[in-house]
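A short write-up of the structure that comes next.
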Amino acid sequence: MKKHDSPVPLYVQIKDYIRLNIQNGIYAVNERIPSERQLAEQFGVNRLTVSKALSELTQEGLIYSSVGKGTYVSPAKIDQALQSLTSFTEEMTSRGKKASSSVLYSGVEPANEEVAKALSILPGVEVVVLHRVRMADSMPIALEKSHILYALCPGILENHDFSRESLYNVLRKEYHLRLTHAHQAIEAHTAGEDEREVLDAGPCTPILRITRVTYNDNEQPIEYVRSSYRGDRYKFYTVLRQID
Ligand code: GLP
C-alpha cells in the first residue's frame, strides 16, 4: 500500500489513503478512524509521520479529534456557488439546514471612513450595524458584521429579532430594497482571537474573510459587510467558461 521508494512523502501517502477512505464512505461521517498507533503499524512508519498527516487533515477540515476519545470524520463542508446573490438563510435552507444567529451587537452608529467609503456616504452619517455569529443547525459557521444606511431602514432593529430573522428578507419585504448585485472579495487567514472565541475555532483554523458591498439596480450601495467564514466548514465554488 505505502511505497517507501515513492517520491511522494510517506505522510502525504497516508493523507491520501485516509482522504480516499472518507470519499468512498469507508470511514463514515462522525465515525472514528483508526488510531495513530494503528495507522503507524499498518503503514510501518513512526507515529510522528501519522501525526503530521492527521494534523494536516484536521486543518483541512476533513477530520476532527475529541480529547481522549480519538479522531473522527467531519461532516462534508457546506459549499456555495459564487454566481448568485443569496443570503445566509437562503443558503442554509436550500441545504435542509436551519439558519440561526447569535447577535453580538446591534445599534445605530456614525459611519467611520471605511464604512462611508464602501457605502458612498459621508463619514458620520448614521448606519445600522448588525454583528452576528451565523449558525447552521446550531453549529457556528461565520461571523458577519453588516452596515446599512439607517435612512434606508429606519426602525429595523426595534422591530425585528435578527437571532432568527433574515436581514435580506426584511430589507426586501419590509423596506422594499432591491438587492440586485454585489462586489465581493475573499481572502484567506488563520483565525484571530476574536474569531476563535465566537466560532469555537482553534489557532490553526483557516478563515475565509469576505468583504461584500451589495447594490440595488441604481448602483446605490445598500449593505457593506465583513464576514469571517470557517474554511474547514465552508467552501466556495464557481463555474468558469472560456472567453470566446
Ligand atoms: C450573506 C451575505 C451577507 C448578508 C447575509 C444576509 O451571508 N454574505 O452580506 O448580510 O447573507 O443573511 P440573512 O438574510 O440570512 O440575514
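Chain labels follow the order of the C-alpha cells: the first chain is A, the next B, and so on; residue numbering restarts at 1 in every chain, and ligands are counted from 1 in their shown order.
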**Asked** Could you pull the residues within 7 Å of region 67-79 of chain A, counting only C-alpha atoms, minus those fewer than 5 positions along the same chain, as an MDAnalysis selection string?
**Response** chainID A and resid 27:33 35 61:62 232:237
Export, as a tab-separated table (two decimals), in the first residue's frame, the selected residues with C-alpha atoms.
chain	number	residue	atom	x	y	z
A	27	TYR	CA	-14.81	5.96	7.03
A	28	ALA	CA	-18.30	7.41	7.59
A	29	VAL	CA	-19.20	10.90	8.85
A	30	ASN	CA	-18.80	11.29	12.63
A	31	GLU	CA	-17.28	7.80	12.85
A	32	ARG	CA	-13.93	7.10	14.38
A	33	ILE	CA	-10.96	6.42	12.10
A	35	SER	CA	-5.89	5.45	15.91
A	61	GLY	CA	-11.44	20.18	7.90
A	62	LEU	CA	-11.70	16.51	6.88
A	232	ASP	CA	-12.88	23.99	7.44
A	233	ARG	CA	-16.69	24.06	7.27
A	234	TYR	CA	-17.38	26.13	4.18
A	235	LYS	CA	-16.13	26.33	0.62
A	236	PHE	CA	-16.99	28.47	-2.39
A	237	TYR	CA	-17.07	27.23	-5.95
**Asked** Hey, what's within 9 Å of Asp217 (chain A) if we count only C-alpha atoms and toss same-chain stuff fewer than 4 positions away? As a PyMOL selection string, please?
**Response** chain A and resi 178-181
**Prompt:** Expressed in Å to a single decimal, how great is the separation between CA of Lys52 (chain A) and CA of Glu36 (chain A)?
**Reply:**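 Value for the CA of Lys52 (chain A)-CA of Glu36 (chain A) distance: 10.2 Å.
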**Selection within 7 Å of ligand 1 by only C-alpha atoms and all ligand atoms, output as an NGL selection string** = :A and (86-90 or 144 or 146 or 165-169 or 212 or 225 or 227)
Kindly save the residues from that selection, with N, CA, C and O atoms included, as a PDB file, in the first residue's frame.
ATOM      1  N   THR A  86     -27.135  35.498  -2.767  1.00  0.00           N
ATOM      2  CA  THR A  86     -28.062  34.843  -1.843  1.00  0.00           C
ATOM      3  C   THR A  86     -27.749  35.284  -0.420  1.00  0.00           C
ATOM      4  O   THR A  86     -26.670  35.802  -0.142  1.00  0.00           O
ATOM      5  N   SER A  87     -28.707  35.045   0.456  1.00  0.00           N
ATOM      6  CA  SER A  87     -28.474  35.354   1.874  1.00  0.00           C
ATOM      7  C   SER A  87     -28.033  34.077   2.585  1.00  0.00           C
ATOM      8  O   SER A  87     -28.226  32.969   2.076  1.00  0.00           O
ATOM      9  N   PHE A  88     -27.501  34.254   3.764  1.00  0.00           N
ATOM     10  CA  PHE A  88     -27.078  33.093   4.556  1.00  0.00           C
ATOM     11  C   PHE A  88     -28.276  32.162   4.789  1.00  0.00           C
ATOM     12  O   PHE A  88     -28.174  30.946   4.636  1.00  0.00           O
ATOM     13  N   THR A  89     -29.421  32.757   5.127  1.00  0.00           N
ATOM     14  CA  THR A  89     -30.618  31.946   5.395  1.00  0.00           C
ATOM     15  C   THR A  89     -31.001  31.126   4.168  1.00  0.00           C
ATOM     16  O   THR A  89     -31.307  29.931   4.273  1.00  0.00           O
ATOM     17  N   GLU A  90     -30.976  31.760   2.994  1.00  0.00           N
ATOM     18  CA  GLU A  90     -31.327  31.032   1.762  1.00  0.00           C
ATOM     19  C   GLU A  90     -30.348  29.882   1.509  1.00  0.00           C
ATOM     20  O   GLU A  90     -30.747  28.778   1.143  1.00  0.00           O
ATOM     21  N   GLU A 144     -20.462  37.748  10.948  1.00  0.00           N
ATOM     22  CA  GLU A 144     -20.766  38.767   9.922  1.00  0.00           C
ATOM     23  C   GLU A 144     -21.100  40.097  10.574  1.00  0.00           C
ATOM     24  O   GLU A 144     -21.908  40.150  11.502  1.00  0.00           O
ATOM     25  N   SER A 146     -22.617  43.593   9.424  1.00  0.00           N
ATOM     26  CA  SER A 146     -23.278  44.307   8.329  1.00  0.00           C
ATOM     27  C   SER A 146     -23.473  45.775   8.679  1.00  0.00           C
ATOM     28  O   SER A 146     -23.725  46.101   9.843  1.00  0.00           O
ATOM     29  N   GLU A 165     -34.453  36.062  12.368  1.00  0.00           N
ATOM     30  CA  GLU A 165     -34.937  36.567  11.083  1.00  0.00           C
ATOM     31  C   GLU A 165     -33.793  36.798  10.104  1.00  0.00           C
ATOM     32  O   GLU A 165     -32.645  37.004  10.498  1.00  0.00           O
ATOM     33  N   SER A 166     -34.187  36.806   8.804  1.00  0.00           N
ATOM     34  CA  SER A 166     -33.209  37.049   7.745  1.00  0.00           C
ATOM     35  C   SER A 166     -33.153  38.544   7.432  1.00  0.00           C
ATOM     36  O   SER A 166     -34.181  39.171   7.156  1.00  0.00           O
ATOM     37  N   LEU A 167     -31.954  39.096   7.464  1.00  0.00           N
ATOM     38  CA  LEU A 167     -31.776  40.519   7.173  1.00  0.00           C
ATOM     39  C   LEU A 167     -32.247  40.838   5.749  1.00  0.00           C
ATOM     40  O   LEU A 167     -32.974  41.813   5.522  1.00  0.00           O
ATOM     41  N   TYR A 168     -31.827  40.015   4.783  1.00  0.00           N
ATOM     42  CA  TYR A 168     -32.199  40.293   3.381  1.00  0.00           C
ATOM     43  C   TYR A 168     -33.703  40.221   3.187  1.00  0.00           C
ATOM     44  O   TYR A 168     -34.283  41.018   2.454  1.00  0.00           O
ATOM     45  N   ASN A 169     -34.326  39.294   3.879  1.00  0.00           N
ATOM     46  CA  ASN A 169     -35.772  39.160   3.771  1.00  0.00           C
ATOM     47  C   ASN A 169     -36.465  40.436   4.259  1.00  0.00           C
ATOM     48  O   ASN A 169     -37.368  40.946   3.612  1.00  0.00           O
ATOM     49  N   ARG A 212     -18.135  42.394   1.292  1.00  0.00           N
ATOM     50  CA  ARG A 212     -19.137  42.471   0.235  1.00  0.00           C
ATOM     51  C   ARG A 212     -19.842  43.823   0.287  1.00  0.00           C
ATOM     52  O   ARG A 212     -20.174  44.298   1.370  1.00  0.00           O
ATOM     53  N   VAL A 225     -20.634  44.578   4.224  1.00  0.00           N
ATOM     54  CA  VAL A 225     -20.484  43.536   5.241  1.00  0.00           C
ATOM     55  C   VAL A 225     -19.077  42.964   5.230  1.00  0.00           C
ATOM     56  O   VAL A 225     -18.461  42.799   4.177  1.00  0.00           O
ATOM     57  N   SER A 227     -17.227  39.583   6.644  1.00  0.00           N
ATOM     58  CA  SER A 227     -17.541  38.264   7.199  1.00  0.00           C
ATOM     59  C   SER A 227     -16.279  37.437   7.387  1.00  0.00           C
ATOM     60  O   SER A 227     -15.306  37.616   6.662  1.00  0.00           O
TER      61      SER A 227
END
**Prompt:** How would you write, as a count of residues only, the set of residues in region 16-200 of chain A that DSSP gives as helix (DSSP H, G or I)?
**Reply:** 63
**Message:** So that I can see what lies close to Leu130 (chain A), please list as a list in words the residues with an atom at most 10 Å from it, counting only C-alpha atoms and leaving out residues fewer than 5 positions away in the same chain.
**Reply:**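 Final neighbour list, sorted by chain and number: Val103, Leu104, Tyr105, Ser106, Gly107, Val108, Glu144, Lys145, Ser146, His147, Ile148, Leu157, Phe162, Leu167 and Val225 of chain A.
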**Item:** Surrounding residues of Pro206 (chain A) excluding itself and chain neighbours under 5 positions, 9 Å, only C-alpha atoms, as a list in words
**Value:**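 Answer for this query is Gln59, Glu60, Gly61, Ala188, His189, Thr190, Ala191, Ala201, Tyr229, Arg230, Gly231 and Asp232 of chain A.
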**Prompt:** If you count only C-alpha atoms, which residues fall within 8 Å of Pro110 (chain A), apart from same-chain ones fewer than 2 positions away, as a PyMOL selection string?
**Reply:** chain A and resi 108+112+123-127
**Request:** Calculate how many Å separate CA of Lys117 (chain A) from CA of Tyr224 (chain A), rounding to one decimal.
**Result:**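 We find that CA of Lys117 (chain A) and CA of Tyr224 (chain A) lie 9.8 Å from each other.
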**Request:** For CA of Arg95 (chain A) and CA of Ala81 (chain A), quote the distance in Å rounded to one decimal.
**Result:**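 CA of Ala81 (chain A) lies 12.6 Å from CA of Arg95 (chain A).
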**Request:** Give me the residues within 12 Å of Pro9 (chain A) as a VMD selection string, counting only C-alpha atoms and dropping any in the same chain fewer than 3 places off.
**Result:** chain A and resid 2 to 6 12 to 16 45 49 to 50 52 to 53
I need the chosen residues saved as a JSON list (two decimals), in the first residue's frame, with C-alpha atoms.
[["chain", "number", "residue", "atom", "x", "y", "z"],
["A", 2, "LYS", "CA", 2.60, 2.59, 1.10],
["A", 3, "LYS", "CA", 5.66, 2.98, -1.06],
["A", 4, "HIS", "CA", 8.92, 3.83, 0.73],
["A", 5, "ASP", "CA", 10.65, 4.34, -2.64],
["A", 6, "SER", "CA", 7.95, 6.73, -3.94],
["A", 12, "VAL", "CA", 1.21, 12.54, 2.12],
["A", 13, "GLN", "CA", 0.54, 8.90, 1.14],
["A", 14, "ILE", "CA", -1.20, 8.40, 4.50],
["A", 15, "LYS", "CA", -3.24, 11.57, 3.98],
["A", 16, "ASP", "CA", -4.28, 10.37, 0.51],
["A", 45, "VAL", "CA", 6.03, 4.21, 9.92],
["A", 49, "THR", "CA", 4.61, 10.67, 10.48],
["A", 50, "VAL", "CA", 0.99, 9.67, 11.11],
["A", 52, "LYS", "CA", 1.68, 15.04, 10.71],
["A", 53, "ALA", "CA", -0.85, 13.52, 8.28]]
**Item:** Proximity to Gln220 (chain A) - best of A:Val8, A:Val133, A:Ile22, A:Leu119, only C-alpha atoms
**Value:** A:Leu119
**Message:** Between A:Glu193, A:Glu56, A:Glu91, A:Glu219, which residue has the minimum interatomic distance to Met135 (chain A), considering only C-alpha atoms?
**Reply:**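 For Met135 (chain A), the nearest of the given residues is A:Glu91.
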Taking the chain letters and numbering used in this document, name the residues of region 120-198 of chain A that DSSP puts in strand (DSSP E), as an mmCIF file with C-alpha atoms, in the first residue's frame.
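This went into result.cif:
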data_model
loop_
_atom_site.group_PDB
_atom_site.id
_atom_site.type_symbol
_atom_site.label_atom_id
_atom_site.label_comp_id
_atom_site.auth_asym_id
_atom_site.auth_seq_id
_atom_site.Cartn_x
_atom_site.Cartn_y
_atom_site.Cartn_z
ATOM 1 C CA GLU A 126 -25.829 57.126 10.623
ATOM 2 C CA VAL A 127 -25.632 53.456 9.749
ATOM 3 C CA VAL A 128 -27.247 50.371 11.256
ATOM 4 C CA VAL A 129 -24.606 47.930 12.496
ATOM 5 C CA LEU A 130 -25.521 44.280 12.954
ATOM 6 C CA HIS A 131 -22.831 41.909 14.220
ATOM 7 C CA ARG A 132 -23.871 38.252 14.210
ATOM 8 C CA VAL A 133 -22.469 34.753 14.585
ATOM 9 C CA ARG A 134 -24.208 32.751 11.859
ATOM 10 C CA MET A 135 -25.078 29.146 12.582
ATOM 11 C CA ALA A 136 -26.225 26.141 10.575
ATOM 12 C CA MET A 139 -23.047 24.950 14.517
ATOM 13 C CA PRO A 140 -21.103 28.255 14.206
ATOM 14 C CA ILE A 141 -20.136 28.837 10.561
ATOM 15 C CA ALA A 142 -19.431 32.539 10.170
ATOM 16 C CA LEU A 143 -19.133 35.901 11.830
ATOM 17 C CA GLU A 144 -20.766 38.767 9.922
ATOM 18 C CA LYS A 145 -20.767 42.497 10.544
ATOM 19 C CA SER A 146 -23.278 44.307 8.329
ATOM 20 C CA HIS A 147 -23.639 48.063 7.825
ATOM 21 C CA ILE A 148 -26.705 49.606 6.179
ATOM 22 C CA LEU A 149 -27.552 53.260 5.735
ATOM 23 C CA HIS A 181 -25.856 42.529 -7.290
ATOM 24 C CA ALA A 182 -22.749 42.659 -5.126
ATOM 25 C CA HIS A 183 -18.993 43.064 -5.292
ATOM 26 C CA GLN A 184 -17.237 40.538 -3.114
ATOM 27 C CA ALA A 185 -13.594 39.829 -2.221
ATOM 28 C CA ILE A 186 -12.385 36.670 -0.451
ATOM 29 C CA GLU A 187 -9.047 36.358 1.369
ATOM 30 C CA ALA A 188 -7.524 33.549 3.426
ATOM 31 C CA HIS A 189 -6.269 33.967 7.007
ATOM 32 C CA THR A 190 -5.809 31.900 10.124
#
